[in-house]
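Asks: Got a structure here, written out as structure tokens. Questions coming.
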Amino acid sequence: MSTFSFEKDPFPQAPGEEFYFSTPALTARLAELGKALHCGHVLLLDEEASGKSTMLDKLEGAHSERWRMFRLQARQQQSAKGLLHDLMSAFGLPIREPAAAELRDADTLLELLSSRSQPAVIVIDDAHRLERDALEQLLYLARRWQAYGVRFLICAEPTLTELLASLDDGAKLPDPVATLAMPRFGHEQVSDYLHLCLYRAGLVGDSPFDSAGVAAVRDKAEGLVGGIDPAARWFLKTGISNHGDRDAREGAGAGRWPAALVAVAGLGVLLMVALPAPGTSRVDKQAGDQAVVFRSGITLAPRESAEGPRNPSATADSAAP
């Protein structure tokens, strides 16, 4: 990465300032997810790094007034008792013994939310980590709370389908149940994302990712949004020597940015900015002036982190009369 001059790492390994890069396919899937939850329960099944957790973040923001959303992060080999305790904590309710007492408290809360026309959506992330008894408990709760209009959004890797198939016939989500997956990024989406990251990192002029480089990153990431950054770091470390030096790429007319396509977080706005045409100097004053105008014309809002702190107690307390 030292071959190029950046103000900061365009593809950092450690989480930091982030932005939400949207595409028409992601926007459509977010709308489809909301419609499916309006009708019933949803299984959001896809591979690790497919963007499921980010989609859940956006869903919470888009429907915060329509539903009361309670989100849990499943833990490896989590038992039924552990799942129930985590659920009570998410509701802002005290952990009690026996479990029947906890369930009565939850019944009261969910009935109250339903009477206020703001039913609960319970989101379980990484549900494939649950133990068999915890998964059975989850499905039981979906049936128990059906009368209160509670929706379950179960987010997991595809192996969850095998776990569900292994359960008894009576252990299932009440119909209707929609099963959705995440869209994959194609060549154009990967190219736009890479160029935006490079611009945000301070690169002006040549992009290290020509069409072949974008294709290499896309193939290595397999179209998974969470795989693009690691694949881009791999390419910057190894792909440059395979594609020749920068001057050779310049002579072939590759690597220039004809335009930067920018998705602005939270606004859904697409900005097109013309950058220098092939043949101009990489460090000429025109490129610098255009970069200054570009920077002053947009504001990228930080994406809400999926790991950010939550205050479930405040959420549940606010539902009290």
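For the structure tokens, the naming scheme is as follows: chains receive sequential letters (A, B, ...) according to their order of presentation, residues are indexed from 1 within each chain, and ligands are indexed from 1 in presentation order.
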Determine, for each residue of region 155-256 of chain A having at least one atom at most 8 Å from an atom of region 27-38 of chain A, the closest pair of atoms and their separation in Å to one decimal, counting only C-alpha atoms; order by chain and ascending number, as JSON lines.
Replies:
```
{"residue": "A:Ala178", "atom": "CA", "partner": "A:Ala36", "partner_atom": "CA", "distance": 6.3}
{"residue": "A:Leu180", "atom": "CA", "partner": "A:Leu33", "partner_atom": "CA", "distance": 7.7}
{"residue": "A:Met182", "atom": "CA", "partner": "A:Arg29", "partner_atom": "CA", "distance": 7.4}
{"residue": "A:Pro183", "atom": "CA", "partner": "A:Arg29", "partner_atom": "CA", "distance": 7.6}
```
Asks: For Gln73 (chain A), find every residue with an atom within 8 Å (counting only C-alpha atoms), except residues of its own chain fewer than 6 positions away, and show them as a ChimeraX atom specification.
Replies: /A:124-127
Asks: Convert the current residue selection to file output with C-alpha atoms, as a tab-separated table (two decimals), in the first residue's frame.
Replies:
```tsv
chain	number	residue	atom	x	y	z
A	124	ILE	CA	-32.13	-12.78	16.81
A	125	ASP	CA	-28.76	-12.33	15.11
A	126	ASP	CA	-26.51	-15.35	14.40
A	127	ALA	CA	-29.24	-17.78	15.43
```
Asks: If I take CA of Tyr20 (chain A) and CA of Met55 (chain A), how far is one from the other in Å, to one decimal?
Replies: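 So the two atoms, CA of Tyr20 (chain A) and CA of Met55 (chain A), lie 10.0 Å apart.
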Asks: Can you check which residues of region 98-160 of chain A DSSP gives as strand (DSSP E) on the backbone and send them as a PDB file with C-alpha atoms, in the first residue's frame?
Replies:
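Saved file out.pdb follows:
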```pdb
ATOM      1  CA  ALA A 120     -42.730  -6.032  19.017  1.00  0.00           C
ATOM      2  CA  VAL A 121     -40.214  -7.305  16.495  1.00  0.00           C
ATOM      3  CA  ILE A 122     -37.699  -9.632  18.139  1.00  0.00           C
ATOM      4  CA  VAL A 123     -34.473  -9.868  16.163  1.00  0.00           C
ATOM      5  CA  ILE A 124     -32.126 -12.779  16.815  1.00  0.00           C
ATOM      6  CA  ASP A 125     -28.765 -12.332  15.108  1.00  0.00           C
ATOM      7  CA  ARG A 151     -42.780 -10.807  14.774  1.00  0.00           C
ATOM      8  CA  PHE A 152     -39.540 -12.762  14.857  1.00  0.00           C
ATOM      9  CA  LEU A 153     -36.708 -11.849  12.508  1.00  0.00           C
ATOM     10  CA  ILE A 154     -34.192 -14.679  12.674  1.00  0.00           C
ATOM     11  CA  CYS A 155     -30.863 -13.838  11.098  1.00  0.00           C
ATOM     12  CA  ALA A 156     -28.394 -16.677  10.543  1.00  0.00           C
TER      13      ALA A 156
END
```
Asks: Counting only C-alpha atoms, which of A:Glu48, A:Asp86, A:Asp105, A:Asp229 gets nearest to His128 (chain A)?
Replies: A:Glu48
Asks: Would you kindly return, as a ChimeraX atom specification, each protein, DNA or RNA residue with an atom no farther than 6 Å from any atom of Gly223 (chain A), considering only C-alpha atoms and excluding same-chain residues fewer than 4 positions away?
Replies: /A:184-185,218
Asks: Give the answer as one residue: which of A:Asp9, A:Glu47, A:Glu188, A:Asp175 has the shortest atom-to-atom distance to Val217 (chain A), using only C-alpha atoms?
Replies: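 Ranking A:Asp9, A:Glu47, A:Glu188, A:Asp175 by distance to Val217 (chain A), first place goes to A:Glu188.
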